[in-house]
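**Student:** Please read through the structure below; I'll follow up with questions.
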2 protein chains.
Amino acid sequence: MERPIQASILTENLKNNLNFVRSLANDSKIWSVIKANAYGHGIREVYAGLKETDGFALLDIKDACLLREIGWAGPVLLLEGIFAKDELNECYEKNIDIVIHHSQQMSWLSQWLNAMTFDQQTVVSQKICIWLKLNSGMNRLGLNSQEYLLCFKKLRDYRLKVNHLTHFANADEIGLEPSVESQMNVFAKVIEDLSGDVSTANSAAVLWHHNTHFDWVRPGIMLYGASPTGISEDIQIFGLKPAMNLSSKIISVQDLNEGDRVGYGGQYTATSKIRVGIVACGYADGYPRVVSNGTQVWVSNSNSPSLGFYVKTIGRVSMDMITVDITNHKTIGVGSDVELWGEHVPVDTVAKCANTVGYELLCAIAPRVKRVVV
Amino acid sequence: MERPIQASILTENLKNNLNFVRSLANDSKIWSVIKANAYGHGIREVYAGLKETDGFALLDIKDACLLREIGWAGPVLLLEGIFAKDELNECYEKNIDIVIHHSQQMSWLSQWLNAMTFDQQTVVSQKICIWLKLNSGMNRLGLNSQEYLLCFKKLRDYRLKVNHLTHFANADEIGLEPSVESQMNVFAKVIEDLSGDVSTANSAAVLWHHNTHFDWVRPGIMLYGASPTGISEDIQIFGLKPAMNLSSKIISVQDLNEGDRVGYGGQYTATSKIRVGIVACGYADGYPRVVSNGTQVWVSNSNSPSLGFYVKTIGRVSMDMITVDITNHKTIGVGSDVELWGEHVPVDTVAKCANTVGYELLCAIAPRVKRVVV
């Protein structure tokens, strides 16, 4: 045995979540977004749960190659396109579709195509499909309207298949600017006379803006059973389920007297006799250092592992440990199983105690945490 | 080329920091602490910079084995000892020293030794050294006084070499309880009549409590050039230097008009025409999502890469991108090099903007960030 922390990747829950996307956007194809190492879950590890998707979307070309190694033969899309011209050769070899969000990327592609014969270009047009990305108001990535139309024409001149994409800034919240509606208006105006498939919906738009589904939806966080809003109730009502159980064990127990303090900074002081469990999980595993005292943790009863109790963190999170108050649970002790987040404690609940959202915690799971597919 | 983010590990700075520990604690040996994948820097990657140490201390037995593979033949210490009895076989084979912080660990060791002949036990005593850990007031890991003395006697009966260790809760700050002095008093009283080496000092105690250095010091964060207090000035005055440069590139530029917003939540609104650079670094790389607007980033001049400017983040940190205001710097554009933290921007400064300390950010560098030894 090693240090007992591990992230269990729950295949059935991934399937459940993907099926839910399918039911909600039943006229659309699905790009399952697996960037950031499948939001921290591991690309290899989520594959079994997501392989009924229509395509996978991600950032790093090496991850796209990994998908091909694993055996995925369907569509793959690089959401930020290429970072240098030479990546185009790999996209060609591996049939990888690319986004173009910047005129520099268009130049690279033109240079690459211009060095080919007409026949070679024809082969390319059958192997690579381009998704143009419009900046419709988020002002992060994306071409402006003029650049967009210019690129479209050029790409069609090369006889490439060209599709259309934009990204929403506020699909998870009403009342913020730019609104989904205003971005949709900008987008619709630019692409109205252009051929090609359309994709706009991230998780929040899949859930709450059904008029944005079009040809391909692009769910990310919802596949992993965490909420686009950071509020777990917002997705629980749809039956979405967590794709990760982060678990560890209690490795020591301390009996404290009134006035004793716990951990760095002596941040917590016992106001009576208490019993403290030390859990092998700290911020270097990805548990957030800044959670407040009282964050929920679920601990199994050593005698009947299927039973458990909610307990609360006390003191500061260390690099490799957290401390929980187990005073009222005599059956909990060294060796007891602990769930940091997962089926009993939503990751969004932990995130809220750290003033962030579940996305960040899932992505931040450290390499030293073993991932196990179940 | 791949996505351009990378963490450069600065070998000369690691050497500088180790040498500084040597000069400050010149009568002590040094356990260089490389737990949590060398605080996120990578064990393989820091080895060249730290191999003049006397020993390496860490948590995971598989990391201890990795050290042996790399070629390290000197002392290795498991700071939390073993997590199961069967790990003892590996400790024996690989000459790995272990902490005992809990009576359960003592039981495992006794059972293991009792199954041996006297001669086998003698060989063990030459290959494994035990560090008993006392809970002197931090109330996290460690034996209480009675357990400690009992374990010491048992271990000596097995003719094992036994050393002494405790850990401070507040070596980085005066005025908090338990104080270094009070913990030292508890510890001294327990070990006063016992033989063996002594180790108490973490980075903060190496720097600010010279009377705690004893036989072995255990510097961690200071080796990586970040501060135990989270305040970078506290260590810059000693000449400690950052061991990591986290760098990336600008991958897109957007020109905004007054009233335009940037990123998720439209959190930032331009109050005049501005020019925004989009950097390939987000919270899924380990850059904290919760930093405030105005966090410093250093960007190189594309024309003269040795020159650069401090610019500031605007809008919310996304999973894969941050946005910076580059309005006043015409020479900055797509392809410009960006330092997120390192030699120009202390990691502790970024951490402060996220309400945490540099420790957490360094440990949270994602696997997708390539580490390059320089």
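By order in the structure tokens, chains are A, B, ...; within a chain, residues start at 1; ligands start at 1, following the order shown.
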Would you give me, as number ranges by chain, the residues in stretch 119-245 of chain B that DSSP reads as strand (DSSP E)?
**Tutor:** B: 129-134, 161-166, 198-199, 216-217, 244-245
**Student:** Using only C-alpha atoms, what does the table of chain B residues within 7 Å of chain A look like, with each row giving the shortest atom pair and its distance in Å to one decimal, sorted by chain and ascending number, as a tab-separated table?
**Tutor:**
residue	atom	partner	partner_atom	distance
B:Met1	CA	A:Ala84	CA	5.7
B:Glu2	CA	A:Phe83	CA	6.2
B:Arg3	CA	A:Phe83	CA	5.9
B:Ala36	CA	A:Ala284	CA	5.9
B:Asp60	CA	A:Arg3	CA	6.3
B:Ile61	CA	A:Glu2	CA	6.8
B:Phe83	CA	A:Arg3	CA	5.9
B:Ala84	CA	A:Met1	CA	5.7
B:Glu87	CA	A:Met1	CA	6.8
B:His102	CA	A:Ser252	CA	6.5
B:Met138	CA	A:Gly263	CA	5.3
B:Asn139	CA	A:Val262	CA	5.2
B:Arg140	CA	A:Gly263	CA	6.0
B:Leu141	CA	A:Ser252	CA	6.6
B:Ala169	CA	A:Tyr264	CA	4.5
B:Asn170	CA	A:Gly265	CA	5.5
B:Leu176	CA	A:Gly265	CA	6.6
B:Glu177	CA	A:Gly266	CA	5.9
B:Pro178	CA	A:Gly266	CA	6.6
B:Ser252	CA	A:His102	CA	6.5
B:Gln254	CA	A:Asn139	CA	6.5
B:Arg261	CA	A:Met138	CA	6.7
B:Val262	CA	A:Asn139	CA	5.2
B:Gly263	CA	A:Met138	CA	5.2
B:Tyr264	CA	A:Ala169	CA	4.5
B:Gly265	CA	A:Asn170	CA	5.6
B:Gly266	CA	A:Glu177	CA	5.9
B:Ile278	CA	A:Arg140	CA	6.5
B:Tyr283	CA	A:Glu360	CA	6.4
B:Ala284	CA	A:Cys363	CA	5.3
B:Gly286	CA	A:Ala364	CA	6.8
B:Val290	CA	A:Thr356	CA	6.7
B:Thr356	CA	A:Val290	CA	6.7
B:Glu360	CA	A:Tyr283	CA	6.4
B:Cys363	CA	A:Ala284	CA	5.3
B:Ala364	CA	A:Ala364	CA	6.2
B:Ala366	CA	A:Ala364	CA	6.6
B:Pro367	CA	A:Pro367	CA	6.5
**Student:** Excluding same-chain residues fewer than 5 positions from B:Lys127, what lies within 12 Å of it counting only C-alpha atoms, as a list in words?
**Tutor:**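 These residues fall inside the cut-off: Gly74, Pro75, Val76, Leu88, Asn89, Glu90, Cys91, Tyr92, Glu93, Lys94, Asn95, Ile96, Asp97, Ile98, Gln120, Gln121, Thr122, Arg159, Leu160 and Lys161 of chain B.
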**Student:** Applying 7 Å and only C-alpha atoms, which residues near stretch 343-352 of chain B remain after dropping the ones on its own chain fewer than 6 positions away? List them as a list in words.
**Tutor:**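 Residues near the query, excluding close chain neighbours: Ala226, Gly230, Ile231, Ser232, Pro242, Asn245, Thr295, Gln296, Val297, Trp298, Gly358 and Leu361 of chain B.
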**Student:** Write out as a PyMOL selection string which residues come within 12 Å of B:Ala188 when counting only C-alpha atoms, dropping same-chain ones fewer than 6 positions away.
**Tutor:** chain B and resi 134+136+145+164-166+180-182+194+198-200+212+214
**Student:** Applying 8 Å and only C-alpha atoms, which residues near A:Gly259 remain after dropping the ones on its own chain fewer than 3 positions away? List them as a PDB file with N, CA and C atoms, in the first residue's frame.
**Tutor:**
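The result, stored in selection-v5.pdb:
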ATOM      1  N   THR A 269      -8.749  26.259  18.204  1.00  0.00           N
ATOM      2  CA  THR A 269      -8.537  25.954  19.616  1.00  0.00           C
ATOM      3  C   THR A 269      -9.709  25.131  20.129  1.00  0.00           C
ATOM      4  N   ALA A 270      -9.403  24.010  20.774  1.00  0.00           N
ATOM      5  CA  ALA A 270     -10.458  23.154  21.318  1.00  0.00           C
ATOM      6  C   ALA A 270     -11.112  23.854  22.501  1.00  0.00           C
ATOM      7  N   THR A 271     -12.452  23.853  22.507  1.00  0.00           N
ATOM      8  CA  THR A 271     -13.159  24.494  23.614  1.00  0.00           C
ATOM      9  C   THR A 271     -13.604  23.461  24.645  1.00  0.00           C
ATOM     10  N   SER A 272     -13.300  22.205  24.356  1.00  0.00           N
ATOM     11  CA  SER A 272     -13.570  21.120  25.306  1.00  0.00           C
ATOM     12  C   SER A 272     -12.691  19.952  24.873  1.00  0.00           C
TER      13      SER A 272
END
**Student:** Any idea what the distance is between atom CA of A:Ala48 and atom CA of A:Thr11?
**Tutor:**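 We find that atom CA of A:Ala48 and atom CA of A:Thr11 lie 6.5 Å from each other.
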**Student:** If you measure from atom CA of B:Val311 to atom CA of B:Val299, what distance in Å do you get, rounded to one decimal?
**Tutor:** 7.0 Å
**Student:** Which neighbours of B:Asn202 fall inside 7 Å, counting only C-alpha atoms, when residues of the same chain fewer than 5 positions from it are skipped, and could you give them as a PDB file with N, CA and C atoms, in the first residue's frame?
**Tutor:**
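Now in result.pdb:
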ATOM      1  N   VAL B 217      18.656  19.593   9.851  1.00  0.00           N
ATOM      2  CA  VAL B 217      17.568  20.537   9.555  1.00  0.00           C
ATOM      3  C   VAL B 217      16.739  19.968   8.404  1.00  0.00           C
ATOM      4  N   ARG B 218      15.506  20.466   8.264  1.00  0.00           N
ATOM      5  CA  ARG B 218      14.590  19.923   7.242  1.00  0.00           C
ATOM      6  C   ARG B 218      13.992  21.040   6.386  1.00  0.00           C
ATOM      7  N   PRO B 219      14.817  21.757   5.637  1.00  0.00           N
ATOM      8  CA  PRO B 219      14.263  22.835   4.815  1.00  0.00           C
ATOM      9  C   PRO B 219      13.406  22.298   3.685  1.00  0.00           C
ATOM     10  N   GLY B 220      12.301  22.979   3.429  1.00  0.00           N
ATOM     11  CA  GLY B 220      11.435  22.629   2.308  1.00  0.00           C
ATOM     12  C   GLY B 220      11.261  23.847   1.426  1.00  0.00           C
TER      13      GLY B 220
END
**Student:** Could you give me, as a PyMOL selection string, each residue of stretch 170-352 of chain B that DSSP assigns to helix (DSSP H, G or I) when run on this structure's backbone?
**Tutor:** chain B and resi 180-191+203-208+210-212+221-224+233-236+264-266+347-352
**Student:** Could you write out the selected residues, including C-alpha atoms, as a short mmCIF file (atom, residue, chain, number, x, y, z; two decimals), in the first residue's frame?
**Tutor:**
data_model
loop_
_atom_site.label_atom_id
_atom_site.label_comp_id
_atom_site.auth_asym_id
_atom_site.auth_seq_id
_atom_site.Cartn_x
_atom_site.Cartn_y
_atom_site.Cartn_z
CA VAL B 180 8.55 27.24 19.14
CA GLU B 181 9.82 27.68 22.70
CA SER B 182 6.91 25.83 24.28
CA GLN B 183 7.16 22.98 21.76
CA MET B 184 10.93 22.81 22.35
CA ASN B 185 10.37 22.52 26.10
CA VAL B 186 7.96 19.61 25.69
CA PHE B 187 10.32 17.87 23.25
CA ALA B 188 13.49 18.44 25.29
CA LYS B 189 11.90 17.00 28.40
CA VAL B 190 10.93 13.77 26.63
CA ILE B 191 14.23 13.12 24.86
CA SER B 203 12.39 26.27 6.72
CA ALA B 204 11.06 28.92 9.07
CA ALA B 205 13.08 27.55 11.97
CA VAL B 206 16.20 27.30 9.80
CA LEU B 207 15.82 31.01 9.08
CA TRP B 208 14.60 32.43 12.35
CA HIS B 210 18.90 29.00 15.00
CA ASN B 211 18.78 27.27 18.38
CA THR B 212 16.59 24.56 16.81
CA ILE B 221 9.86 25.74 0.83
CA MET B 222 13.00 27.88 1.23
CA LEU B 223 14.91 25.57 -1.14
CA TYR B 224 12.42 26.53 -3.82
CA GLU B 233 10.50 40.13 1.02
CA ASP B 234 11.07 37.94 4.08
CA ILE B 235 13.34 35.65 2.10
CA GLN B 236 14.65 37.99 -0.59
CA TYR B 264 -16.66 34.95 -18.01
CA GLY B 265 -19.11 36.95 -16.00
CA GLY B 266 -18.12 40.04 -17.99
CA VAL B 347 5.13 33.36 -6.59
CA ASP B 348 4.21 34.67 -3.15
CA THR B 349 2.99 37.92 -4.72
CA VAL B 350 0.61 36.02 -6.99
CA ALA B 351 -0.43 33.83 -4.06
CA LYS B 352 -1.24 36.89 -1.98
#
**Student:** Enter the distance from atom CA of B:Trp31 to atom CA of B:Ile100, in Å, rounded to one decimal.
**Tutor:**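 Separating atom CA of B:Trp31 from atom CA of B:Ile100 is a distance of 16.8 Å.
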